[in-house]
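Asks: Got a structure for you, target-v9.pdb, holding PDB, C-alpha atoms.
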ATOM      1  CA  MET A 116      14.856  93.452 -73.877  1.00  0.00           C
ATOM      2  CA  ASN A 117      12.359  92.382 -71.236  1.00  0.00           C
ATOM      3  CA  PHE A 118      10.904  94.906 -68.737  1.00  0.00           C
ATOM      4  CA  PRO A 119       7.974  93.456 -66.737  1.00  0.00           C
ATOM      5  CA  GLU A 120       5.338  96.110 -66.136  1.00  0.00           C
ATOM      6  CA  HIS A 121       4.443  94.954 -62.601  1.00  0.00           C
ATOM      7  CA  LEU A 122       7.928  95.767 -61.234  1.00  0.00           C
ATOM      8  CA  LYS A 123       9.553  99.013 -60.108  1.00  0.00           C
ATOM      9  CA  TYR A 124      13.090  99.918 -61.199  1.00  0.00           C
ATOM     10  CA  THR A 125      16.074 101.976 -60.044  1.00  0.00           C
ATOM     11  CA  LYS A 126      18.486 104.162 -61.983  1.00  0.00           C
ATOM     12  CA  ASP A 127      21.149 101.638 -60.917  1.00  0.00           C
ATOM     13  CA  HIS A 128      19.329  98.853 -62.844  1.00  0.00           C
ATOM     14  CA  GLU A 129      17.817  96.889 -59.978  1.00  0.00           C
ATOM     15  CA  TRP A 130      14.187  95.777 -59.965  1.00  0.00           C
ATOM     16  CA  ILE A 131      11.905  95.309 -56.973  1.00  0.00           C
ATOM     17  CA  LEU A 132       8.653  93.421 -56.454  1.00  0.00           C
ATOM     18  CA  LEU A 133       6.790  94.367 -53.273  1.00  0.00           C
ATOM     19  CA  GLU A 134       4.377  91.876 -51.710  1.00  0.00           C
ATOM     20  CA  GLY A 135       3.040  93.262 -48.430  1.00  0.00           C
ATOM     21  CA  ASN A 136       6.135  94.600 -46.686  1.00  0.00           C
ATOM     22  CA  VAL A 137       8.462  91.950 -48.152  1.00  0.00           C
ATOM     23  CA  ALA A 138      10.224  92.644 -51.431  1.00  0.00           C
ATOM     24  CA  THR A 139      12.213  90.580 -53.894  1.00  0.00           C
ATOM     25  CA  VAL A 140      15.119  92.412 -55.547  1.00  0.00           C
ATOM     26  CA  GLY A 141      17.264  91.563 -58.566  1.00  0.00           C
ATOM     27  CA  VAL A 142      19.070  93.113 -61.512  1.00  0.00           C
ATOM     28  CA  THR A 143      17.319  93.981 -64.743  1.00  0.00           C
ATOM     29  CA  ASP A 144      17.600  92.281 -68.106  1.00  0.00           C
ATOM     30  CA  PHE A 145      19.439  95.405 -69.305  1.00  0.00           C
ATOM     31  CA  ALA A 146      21.979  95.127 -66.456  1.00  0.00           C
ATOM     32  CA  GLN A 147      22.735  91.451 -67.028  1.00  0.00           C
ATOM     33  CA  SER A 148      23.142  92.017 -70.774  1.00  0.00           C
ATOM     34  CA  GLU A 149      25.565  94.910 -70.157  1.00  0.00           C
ATOM     35  CA  LEU A 150      27.577  92.857 -67.647  1.00  0.00           C
ATOM     36  CA  GLY A 151      27.877  89.798 -69.866  1.00  0.00           C
ATOM     37  CA  ASP A 152      28.487  86.308 -68.486  1.00  0.00           C
ATOM     38  CA  ILE A 153      27.957  86.414 -64.714  1.00  0.00           C
ATOM     39  CA  VAL A 154      30.361  84.178 -62.814  1.00  0.00           C
ATOM     40  CA  PHE A 155      29.842  85.101 -59.151  1.00  0.00           C
ATOM     41  CA  VAL A 156      27.370  86.926 -56.900  1.00  0.00           C
ATOM     42  CA  ASP A 157      28.558  87.956 -53.425  1.00  0.00           C
ATOM     43  CA  ILE A 158      25.894  88.919 -50.888  1.00  0.00           C
ATOM     44  CA  GLU A 159      26.957  88.936 -47.226  1.00  0.00           C
ATOM     45  CA  THR A 160      24.364  91.351 -45.842  1.00  0.00           C
ATOM     46  CA  VAL A 161      21.645  88.894 -44.743  1.00  0.00           C
ATOM     47  CA  GLY A 162      20.259  90.049 -41.412  1.00  0.00           C
ATOM     48  CA  LYS A 163      21.509  93.614 -41.831  1.00  0.00           C
ATOM     49  CA  GLU A 164      19.368  96.732 -41.983  1.00  0.00           C
ATOM     50  CA  LEU A 165      20.533  99.027 -44.789  1.00  0.00           C
ATOM     51  CA  SER A 166      19.495 102.395 -46.132  1.00  0.00           C
ATOM     52  CA  ALA A 167      18.207 103.022 -49.637  1.00  0.00           C
ATOM     53  CA  GLU A 168      21.015 102.970 -52.216  1.00  0.00           C
ATOM     54  CA  ALA A 169      23.399 101.185 -49.822  1.00  0.00           C
ATOM     55  CA  VAL A 170      25.543  98.447 -51.361  1.00  0.00           C
ATOM     56  CA  PHE A 171      24.096  95.039 -50.452  1.00  0.00           C
ATOM     57  CA  GLY A 172      26.501  92.923 -52.502  1.00  0.00           C
ATOM     58  CA  THR A 173      28.493  92.622 -55.692  1.00  0.00           C
ATOM     59  CA  ILE A 174      28.000  90.868 -59.003  1.00  0.00           C
ATOM     60  CA  GLU A 175      31.017  89.652 -60.947  1.00  0.00           C
ATOM     61  CA  ALA A 176      31.067  89.070 -64.672  1.00  0.00           C
ATOM     62  CA  VAL A 177      33.952  87.855 -66.823  1.00  0.00           C
ATOM     63  CA  LYS A 178      35.201  91.411 -67.421  1.00  0.00           C
ATOM     64  CA  THR A 179      33.958  93.476 -64.451  1.00  0.00           C
ATOM     65  CA  VAL A 180      32.632  93.615 -60.890  1.00  0.00           C
ATOM     66  CA  SER A 181      29.644  95.844 -60.053  1.00  0.00           C
ATOM     67  CA  ASP A 182      28.034  96.858 -56.787  1.00  0.00           C
ATOM     68  CA  LEU A 183      24.411  95.947 -56.080  1.00  0.00           C
ATOM     69  CA  PHE A 184      22.374  98.811 -54.598  1.00  0.00           C
ATOM     70  CA  LEU A 185      19.339  98.456 -52.340  1.00  0.00           C
ATOM     71  CA  PRO A 186      16.286 100.150 -53.938  1.00  0.00           C
ATOM     72  CA  VAL A 187      14.695 101.154 -50.592  1.00  0.00           C
ATOM     73  CA  ALA A 188      15.622 100.996 -46.906  1.00  0.00           C
ATOM     74  CA  GLY A 189      15.027  97.738 -45.086  1.00  0.00           C
ATOM     75  CA  THR A 190      16.459  94.519 -43.696  1.00  0.00           C
ATOM     76  CA  ILE A 191      17.894  91.739 -45.855  1.00  0.00           C
ATOM     77  CA  LEU A 192      16.006  88.518 -45.034  1.00  0.00           C
ATOM     78  CA  GLU A 193      17.642  86.054 -47.403  1.00  0.00           C
ATOM     79  CA  LYS A 194      19.768  85.724 -50.481  1.00  0.00           C
ATOM     80  CA  ASN A 195      19.017  83.437 -53.389  1.00  0.00           C
ATOM     81  CA  ALA A 196      21.047  80.328 -52.516  1.00  0.00           C
ATOM     82  CA  GLU A 197      20.883  79.151 -56.142  1.00  0.00           C
ATOM     83  CA  LEU A 198      23.281  81.964 -57.072  1.00  0.00           C
ATOM     84  CA  ASP A 199      26.119  80.172 -55.237  1.00  0.00           C
ATOM     85  CA  SER A 200      26.096  77.195 -57.600  1.00  0.00           C
ATOM     86  CA  ASP A 201      24.422  78.748 -60.657  1.00  0.00           C
ATOM     87  CA  PRO A 202      25.251  82.488 -60.936  1.00  0.00           C
ATOM     88  CA  GLU A 203      24.549  82.402 -64.672  1.00  0.00           C
ATOM     89  CA  CYS A 204      20.841  81.993 -63.869  1.00  0.00           C
ATOM     90  CA  VAL A 205      20.903  85.808 -63.598  1.00  0.00           C
ATOM     91  CA  ASN A 206      21.746  85.937 -67.316  1.00  0.00           C
ATOM     92  CA  GLU A 207      19.145  83.301 -68.176  1.00  0.00           C
ATOM     93  CA  ASP A 208      16.223  84.501 -66.010  1.00  0.00           C
ATOM     94  CA  PRO A 209      16.914  87.847 -64.259  1.00  0.00           C
ATOM     95  CA  TYR A 210      13.283  88.310 -63.150  1.00  0.00           C
ATOM     96  CA  GLY A 211      12.714  84.708 -62.060  1.00  0.00           C
ATOM     97  CA  ARG A 212      15.355  82.206 -60.934  1.00  0.00           C
ATOM     98  CA  GLY A 213      18.008  84.945 -60.952  1.00  0.00           C
ATOM     99  CA  TRP A 214      16.545  87.086 -58.141  1.00  0.00           C
ATOM    100  CA  MET A 215      19.129  88.341 -55.628  1.00  0.00           C
ATOM    101  CA  ILE A 216      17.531  88.982 -52.218  1.00  0.00           C
ATOM    102  CA  LYS A 217      14.328  89.129 -50.235  1.00  0.00           C
ATOM    103  CA  MET A 218      13.998  91.986 -47.770  1.00  0.00           C
ATOM    104  CA  THR A 219      11.560  93.623 -45.392  1.00  0.00           C
ATOM    105  CA  VAL A 220      10.839  97.166 -46.514  1.00  0.00           C
ATOM    106  CA  ASN A 221      10.857  99.861 -43.812  1.00  0.00           C
ATOM    107  CA  ASN A 222       8.373 102.064 -45.675  1.00  0.00           C
ATOM    108  CA  PRO A 223       6.431 100.343 -48.492  1.00  0.00           C
ATOM    109  CA  GLU A 224       5.441 103.779 -49.845  1.00  0.00           C
ATOM    110  CA  ASP A 225       9.096 104.326 -50.849  1.00  0.00           C
ATOM    111  CA  VAL A 226       8.687 101.686 -53.564  1.00  0.00           C
ATOM    112  CA  ALA A 227       6.040 103.844 -55.264  1.00  0.00           C
ATOM    113  CA  GLY A 228       8.684 106.551 -55.731  1.00  0.00           C
ATOM    114  CA  LEU A 229      10.898 104.328 -57.889  1.00  0.00           C
ATOM    115  CA  LEU A 230      10.811 104.223 -61.690  1.00  0.00           C
ATOM    116  CA  ASP A 231       7.873 102.594 -63.436  1.00  0.00           C
ATOM    117  CA  VAL A 232       8.460 100.550 -66.584  1.00  0.00           C
ATOM    118  CA  GLU A 233       8.054 103.519 -68.941  1.00  0.00           C
ATOM    119  CA  ALA A 234      10.499 105.698 -67.014  1.00  0.00           C
ATOM    120  CA  TYR A 235      13.003 102.847 -66.884  1.00  0.00           C
ATOM    121  CA  LYS A 236      12.709 102.241 -70.639  1.00  0.00           C
ATOM    122  CA  LYS A 237      13.487 105.940 -71.211  1.00  0.00           C
ATOM    123  CA  LEU A 238      16.505 105.685 -68.897  1.00  0.00           C
ATOM    124  CA  VAL A 239      18.075 102.808 -70.818  1.00  0.00           C
ATOM    125  CA  GLY A 240      17.100 104.208 -74.208  1.00  0.00           C
TER     126      GLY A 240
END
Turn this file's structure into structure tokens for me.
Replies:
Amino acid sequence: MNFPEHLKYTKDHEWILLEGNVATVGVTDFAQSELGDIVFVDIETVGKELSAEAVFGTIEAVKTVSDLFLPVAGTILEKNAELDSDPECVNEDPYGRGWMIKMTVNNPEDVAGLLDVEAYKKLVG
């Protein structure tokens, strides 16, 4: 299982990479492996300001549909257009090609309060 050390994580299995006040968000390697083959990602919140832990979309696998939760408050700038034609890229490369959204972060300090790699590893066992 791959857990990049430069990312922050949530208890809901999203990761976030903050660069300035813009963040990239996706689901973790653990999450995609638990979901199985991903067949569809639905994100219709571009342009919306959402609070931390708000649902920003859904991810559908062969056997289940799961909500996607925003790690911190902010505004959704864009979704990964590649997910429309190639949702399985989340299974193949969850920290690269399989990213979900880019967002502006209302308070960049909120990211520091999320789980670091060691805390996330403990969470998933």
Asks: When the PyMOL selection byres ((chain A and resi 137) around 12) is applied to the file above, which residues end up in the set, as an MDAnalysis selection string?
Replies: chainID A and resid 131:136 138:140 187:193 216:223 226
Asks: Just checking: using all atoms listed in the file, which residue out of A:Ala176, A:Asn195, A:Leu122, A:Val142 ends up closest to A:Val161?
Replies: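 Of all the options, A:Asn195 lies closest to A:Val161.
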Asks: Work out how far apart atom CA of A:Glu149 and atom CA of A:Ser166 are and give it in Å to one decimal.
Replies: 25.9 Å
Asks: Using only C-alpha atoms for the distances, tell me which of A:Asp152, A:Asp225, A:Asp182, A:Glu159 is nearest to A:Glu129.
Replies: A:Asp182
Asks: Record the distance separating atom CA of A:Ala146 and atom CA of A:Pro202, expressed in Å with one decimal.
Replies: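 Result for atom CA of A:Ala146 versus atom CA of A:Pro202: 14.2 Å, one decimal.
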Asks: Quick one: of A:Val180, A:Met215, A:Leu185, A:Ala196, who's nearest to A:Gly151, counting only C-alpha atoms?
Replies: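 Of all the options, A:Val180 lies closest to A:Gly151.
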Asks: Which is closest to A:Thr143 among A:Pro119, A:Gly162, A:Pro209, A:Gly172, if we use only C-alpha atoms?
Replies: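 Checking each of A:Pro119, A:Gly162, A:Pro209, A:Gly172 against A:Thr143, counting only C-alpha atoms, the winner is A:Pro209.
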